[in-house]
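**Q** Have a look at this one.
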Amino acid sequence: MSADHHRLIVLFRSARRCSTPSAVHQLHAHLSKLGLLLWPPFSTFVLEAYCKFNLLRLAHHLFDELPHRDPVIWSSLLSAHSHSDHPRRVLPLFRSMILQDAILPDNFVLATVVKTSARLCSIRLGKQAHAYFLTSPYSGDDVVKCAIVDMYSKCRAPGDARKVFDTITHRNRVSWTAMISGYASSGCYSDAIEVFGAMPEKDVFTWTALISGLVQSGDSFHALKLFVDMRREGVSLDDAFVLSSAVGAASDSAALELGRQLHCLTLVLGYESCMIIGNALVDMYAKCSDIYSARIAFERVTVRDVVSWTTMVLGEAQHGKAEMAFSLFDQMVIAGVRPNEVTFVALLYACSHAGLVQRGRNFFDSMVREHGITPSLQHYTCLLDLLSRSGHLSEAEELIKSMPYEPDEATWGALLSACKKHGNVQMSLRVANHLLSLKPKDPSMYILLSNTYAVAGDWANVTNVRRLMVDNEIKKEPGYSWIELGKESCMFVAGETPHEMRIQIVSLLEELMIEMKKRGYVPETNSVMHDLDEHEKEQQLMMHSERLAVAFGLLRGVPGTAIRVVKNLRVCDDCHTVLKMISSIASREIVVRDATRFHHFSYGSCSCGDFW
DNA sequence: CTAGGGTTAG
């Protein structure tokens with residue numbers, strides 16, 4: 001190799017560290033002119049440089065023109081695709097590597113294929129790669145094993161991950177972290193802790209893997225506990241990820257006070273304008289029902305990406321502020337940020353919760369035509385939800401037949417609840433049969449089915465649904481609500497009150513009931529399915545968990561402040577009416593976050609405009 | 001010249 005070549009390699013190394021897309025172009029042209037592009041290390045350098053700037057099309061252009069492609073450049077190309085937004089494209093490429101260039105996968109390529117399976121959450125593909133790996137000459141490679149551990153972890157098979165983990169000869173931070181993350185994100189708290197405890201040297205990565213994994217699996221309680229432990233152990237917080245995970249935990253458990261404290265911590269640590277924490281804070285405030293603070297947090301994020309904008313759009317949408325959501329979207333486009341598929345889910349959601357049918361159809365069309373996004377099943381479900389909830393039932397039924405996906409339980413469920421809302425018994429039976437044949441997993445689907453058949457008088461199917469629930473061990477999730485007052489948080493289950501407050505809560509609710517009846521309130525006792533007399537049904541409604549929480553808030557909260565309640569299920573019709581009236585009788589703003597959205601009750605009306 | 005872990009939104 002000549003001194004010139006050597007000089008060029010040095011040049012490329014520095015170019016790879018700090019270059020711009022146009023510098024890569026120049027390099028490419030220069031090499032081409034010198035006739036050096038065909039030397040494998042050079043072509044790989046240029047290809048990698050294109051990939052670094054996400055210029056995969058140009059990378060392919062170069063790749064396709066090479067007369068000889070060695071395993072290394074194949075590996076680079078496959079790896080670039082597995083990291084891209086379209087990891088699926090690895091597969092056809094992998095095939096042509098074997099078939100056209102007659103190259104068998106080595107350990108580098110295997111690691112990439114395993115990583116691709118992980119990104120696609122395809123345990124099937126992952127197992128194929130695993131099997132190939134075991135019979136290959138590379139079956140002892142720890143790096144590939146580590147990728148397999150990560151793959152099984154991401155596919156929710158931590159047990160399989162563990163088997164591979166135990167065969168790794170030299171465990172390092174990477175393999176430990178992959179295993180811990182696998183257990184934590186699959187909800188295996190004690191296993192995660194066990195492996196975490198066995199790890200010799202823990203760093204911020206390890207803590208982050210554990211804490212964010214727990215948040216992902218919905219265990220925000222343990223996530224927050226560990227965040228506190230981590231602080232106690234004096235682990236330096238010079239890393240934004242773990243903090244954003246902690247904020248995410250506060251957001252999930254609707255712990256506004258804790259979220260505010262974490263916000264203070266971000267200010268103290270100087271992360272005020274950090275994007276990933278800022279995005280998490282916007283989400284936290286929105287989910288903790290404080291949309292005003294969410295907007296302020298959003299303003300503070302100086303460099304905004306798609307996630308920042310989408311989080312804010314969704315926040316407005318969940319709070320019923322459709323126009324705000326649309327105007328944010330316009331600003332986002334003007335700011336030059338390209339919306340993605342999640343952005344359109346948020347926009348369709350906004351339309352759906354405000355009954356804006358034409359607006360929703362327009363967004364759906366522009367998503368395809370102007371933004372080149374292929375609608376997913378979720379987009380179709382959103383559109384179907386919008387159409388059907390607004391009463392366009394037959395159009396919705398047409399859509400479900402003509403769309404290019406097999407409808408899942410969420411799709412049929414959306415249509416069924418709309419049929420119920422609009423009292424279309426005939427259609428509801430048709431839809432219910434489709435839903436039933438899918439053997440849904442969500443307990444609320446069975447409640448919906450049972451109600452549908454009961455309304456239609458189809459008692460045989462009511463029994464059928466109940467039997468299916470027993471056979472499949474599906475239990476109705478009990479409704480509960482919680483409220484945060486200062487530093488204490490109180491949870492209520494329907495019909496149960498804390499001993500010391502029982503008399504006060506019940507008498508307040510009775511007092512309110514008398515006042516409401518004077519104002520024309522008639523309890524909707526037909527939603528109570530049990531065999532009870534009218535008075536008993538009324539009593540049962542009165543003791544719904546959200547009402548108990550609101551009553552507690554009225555008794556114990558700071559007068560004049562908003563009462564914020566979170567409920568795990570959807571607010572029932574009767575409670576919705578009642579909370580509107582209470583907001584006017586007590587002159588208090590009441591904000592309820594239920595399973596799907598927010599309701600801001602004030603002066604006798606709700607932000608959802610009774611459309612939910 | 002190529003591969004593996006923690007990253008906010010639905």
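Ligands are numbered from 1 in the order shown, residues from 1 within each chain, and chains are lettered A, B, ... in the order they appear in the structure tokens.
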Please identify all polymer residues within 12 Å of region 163-179 of chain A, counting only C-alpha atoms (C1' of nucleotides), omitting same-chain residues fewer than 2 positions from it, and present them as a PyMOL selection string.

**A** (chain A and resi 118+130+133-134+139-154+156-161+181-186+188+191-213) or (chain B and resi 4-6)

**Q** Hey, what's within 7 Å of region 379-392 of chain A if we count only C-alpha atoms (C1' of nucleotides) and toss same-chain stuff fewer than 2 positions away? As a CSV table (one decimal) with N, CA, C and O atoms, in the first residue's frame, please?

**A**
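Contents of part-v4.csv, as written:
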```
chain,number,residue,atom,x,y,z
A,345,VAL,N,-52.0,9.3,14.2
A,345,VAL,CA,-52.8,8.7,15.2
A,345,VAL,C,-53.4,9.8,16.1
A,345,VAL,O,-54.6,9.8,16.4
A,348,LEU,N,-56.0,11.9,14.3
A,348,LEU,CA,-57.3,11.2,14.1
A,348,LEU,C,-58.0,11.1,15.5
A,348,LEU,O,-59.2,11.2,15.5
A,349,TYR,N,-57.2,10.8,16.5
A,349,TYR,CA,-57.7,10.7,17.8
A,349,TYR,C,-58.4,12.1,18.2
A,349,TYR,O,-59.5,12.1,18.8
A,351,CYS,N,-59.8,14.3,16.2
A,351,CYS,CA,-61.0,14.3,15.4
A,351,CYS,C,-62.1,13.4,16.0
A,351,CYS,O,-63.2,13.8,16.2
A,352,SER,N,-61.6,12.2,16.4
A,352,SER,CA,-62.6,11.2,16.9
A,352,SER,C,-63.2,11.7,18.2
A,352,SER,O,-64.4,11.5,18.4
A,355,GLY,N,-65.7,14.6,17.3
A,355,GLY,CA,-66.7,14.3,16.3
A,355,GLY,C,-66.6,15.0,15.0
A,355,GLY,O,-67.5,15.3,14.3
A,357,VAL,N,-65.9,14.6,11.7
A,357,VAL,CA,-65.8,13.6,10.7
A,357,VAL,C,-65.0,14.0,9.4
A,357,VAL,O,-64.0,13.3,9.0
A,360,GLY,N,-61.4,14.5,9.9
A,360,GLY,CA,-60.6,13.3,10.0
A,360,GLY,C,-60.4,12.6,8.7
A,360,GLY,O,-59.3,12.1,8.4
A,375,PRO,N,-51.2,3.9,5.8
A,375,PRO,CA,-52.0,3.8,7.0
A,375,PRO,C,-51.9,2.4,7.6
A,375,PRO,O,-51.9,1.4,6.9
A,376,SER,N,-51.7,2.3,8.9
A,376,SER,CA,-51.6,1.0,9.6
A,376,SER,C,-53.0,0.6,10.1
A,376,SER,O,-54.0,1.4,10.0
A,377,LEU,N,-53.2,-0.6,10.7
A,377,LEU,CA,-54.4,-1.0,11.2
A,377,LEU,C,-54.9,0.0,12.3
A,377,LEU,O,-56.1,0.3,12.4
A,394,SER,N,-73.0,2.6,8.8
A,394,SER,CA,-72.9,1.8,7.7
A,394,SER,C,-71.6,2.1,6.9
A,394,SER,O,-70.9,1.1,6.4
A,395,GLU,N,-71.2,3.3,6.9
A,395,GLU,CA,-69.9,3.7,6.3
A,395,GLU,C,-68.8,3.0,7.0
A,395,GLU,O,-67.8,2.5,6.4
A,396,ALA,N,-68.9,3.0,8.3
A,396,ALA,CA,-67.9,2.3,9.1
A,396,ALA,C,-67.8,0.8,8.8
A,396,ALA,O,-66.7,0.2,8.7
A,411,THR,N,-60.6,-3.1,16.8
A,411,THR,CA,-61.3,-2.6,15.7
A,411,THR,C,-62.8,-2.9,15.9
A,411,THR,O,-63.7,-2.0,15.8
A,414,ALA,N,-64.4,-1.1,18.8
A,414,ALA,CA,-64.7,0.3,18.6
A,414,ALA,C,-66.1,0.4,17.9
A,414,ALA,O,-67.0,1.2,18.2
A,415,LEU,N,-66.3,-0.5,16.9
A,415,LEU,CA,-67.5,-0.5,16.1
A,415,LEU,C,-68.7,-0.9,17.0
A,415,LEU,O,-69.8,-0.4,17.0
A,418,ALA,N,-69.8,1.7,19.4
A,418,ALA,CA,-70.6,2.8,18.7
A,418,ALA,C,-72.0,2.3,18.4
A,418,ALA,O,-73.0,3.0,18.5
A,422,HIS,N,-75.4,4.2,19.6
A,422,HIS,CA,-76.4,4.6,18.7
A,422,HIS,C,-77.6,3.7,18.6
A,422,HIS,O,-78.5,3.9,17.8
```

**Q** Within 9 Å of Glu538 (chain A), counting only C-alpha atoms (C1' of nucleotides), which residues show up once you throw out same-chain ones fewer than 3 positions away? Write them as a short mmCIF file (atom, residue, chain, number, x, y, z; two decimals) with all heavy atoms, in the first residue's frame, please.

**A**
```cif
data_model
loop_
_atom_site.label_atom_id
_atom_site.label_comp_id
_atom_site.auth_asym_id
_atom_site.auth_seq_id
_atom_site.Cartn_x
_atom_site.Cartn_y
_atom_site.Cartn_z
N PRO A 523 -81.26 9.51 37.99
CA PRO A 523 -80.19 8.50 37.90
C PRO A 523 -80.43 7.51 36.76
O PRO A 523 -81.56 7.07 36.55
CB PRO A 523 -80.28 7.78 39.26
CG PRO A 523 -81.03 8.69 40.15
CD PRO A 523 -81.95 9.49 39.29
N GLU A 524 -79.39 7.20 36.03
CA GLU A 524 -79.52 6.25 34.91
C GLU A 524 -79.31 4.83 35.44
O GLU A 524 -78.30 4.20 35.18
CB GLU A 524 -78.49 6.57 33.83
CG GLU A 524 -78.81 7.84 33.09
CD GLU A 524 -77.76 8.21 32.07
OE1 GLU A 524 -77.38 7.32 31.28
OE2 GLU A 524 -77.32 9.36 32.09
N THR A 525 -80.32 4.36 36.15
CA THR A 525 -80.16 3.08 36.82
C THR A 525 -80.16 1.90 35.87
O THR A 525 -79.80 0.80 36.25
CB THR A 525 -81.30 2.88 37.85
OG1 THR A 525 -82.52 3.25 37.23
CG2 THR A 525 -81.07 3.70 39.08
N VAL A 528 -77.07 -0.22 35.61
CA VAL A 528 -76.72 -1.17 36.67
C VAL A 528 -77.35 -2.51 36.31
O VAL A 528 -78.57 -2.61 36.20
CB VAL A 528 -77.23 -0.69 38.06
CG1 VAL A 528 -76.84 -1.68 39.14
CG2 VAL A 528 -76.68 0.68 38.37
N ASP A 533 -83.48 -3.34 43.49
CA ASP A 533 -84.58 -2.39 43.30
C ASP A 533 -84.00 -1.00 43.03
O ASP A 533 -82.79 -0.78 43.16
CB ASP A 533 -85.55 -2.41 44.49
CG ASP A 533 -84.94 -1.87 45.77
OD1 ASP A 533 -84.11 -0.93 45.67
OD2 ASP A 533 -85.26 -2.38 46.85
N GLU A 534 -84.86 -0.09 42.63
CA GLU A 534 -84.41 1.24 42.19
C GLU A 534 -83.50 1.93 43.21
O GLU A 534 -82.46 2.46 42.87
CB GLU A 534 -85.62 2.13 41.88
CG GLU A 534 -86.20 1.90 40.50
CD GLU A 534 -85.20 2.08 39.36
OE1 GLU A 534 -84.69 3.21 39.21
OE2 GLU A 534 -84.91 1.09 38.65
N HIS A 535 -83.93 1.88 44.48
CA HIS A 535 -83.17 2.59 45.51
C HIS A 535 -81.76 2.00 45.65
O HIS A 535 -80.78 2.73 45.73
CB HIS A 535 -83.91 2.55 46.85
CG HIS A 535 -83.14 3.24 47.94
ND1 HIS A 535 -82.98 4.60 47.97
CD2 HIS A 535 -82.45 2.74 49.00
CE1 HIS A 535 -82.23 4.93 49.02
NE2 HIS A 535 -81.90 3.81 49.67
N LEU A 541 -74.79 3.38 42.30
CA LEU A 541 -74.22 4.42 41.45
C LEU A 541 -73.51 5.48 42.28
O LEU A 541 -72.44 5.96 41.94
CB LEU A 541 -75.32 5.10 40.62
CG LEU A 541 -75.89 4.33 39.44
CD1 LEU A 541 -77.08 5.08 38.85
CD2 LEU A 541 -74.83 4.11 38.38
N MET A 542 -74.13 5.81 43.40
CA MET A 542 -73.60 6.87 44.24
C MET A 542 -72.22 6.51 44.80
O MET A 542 -71.43 7.38 45.09
CB MET A 542 -74.56 7.12 45.40
CG MET A 542 -74.37 8.46 46.04
SD MET A 542 -75.55 8.70 47.35
CE MET A 542 -74.73 7.88 48.69
N MET A 543 -71.98 5.21 44.93
CA MET A 543 -70.72 4.78 45.51
C MET A 543 -69.68 4.39 44.44
O MET A 543 -68.70 3.72 44.74
CB MET A 543 -70.95 3.58 46.46
CG MET A 543 -71.85 3.90 47.61
SD MET A 543 -71.14 5.11 48.73
CE MET A 543 -70.23 4.01 49.81
#
```

**Q** Work out how far apart CA of His25 (chain A) and CA of Phe63 (chain A) are and give it in Å to one decimal.

**A**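 Here the two named atoms are 14.4 Å from each other.
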
**Q** Would you work out the distance separating CA of Ser190 (chain A) from CA of Asp219 (chain A), expressed in Å to one decimal?

**A** 11.9 Å

**Q** If you run DSSP on the backbone, which residues of region 406-572 of chain A are alpha helix (DSSP H), as an MDAnalysis selection string?

**A** chainID A and resid 409:421 425:437 443:456 459:471 502:518 534:542 545:556

**Q** Point out the residue among A:Arg231, A:Lys476, A:Arg519, A:Arg95 with the least atom-to-atom distance to Leu265 (chain A), counting only C-alpha atoms.

**A**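 Nearest to Leu265 (chain A): A:Arg231.
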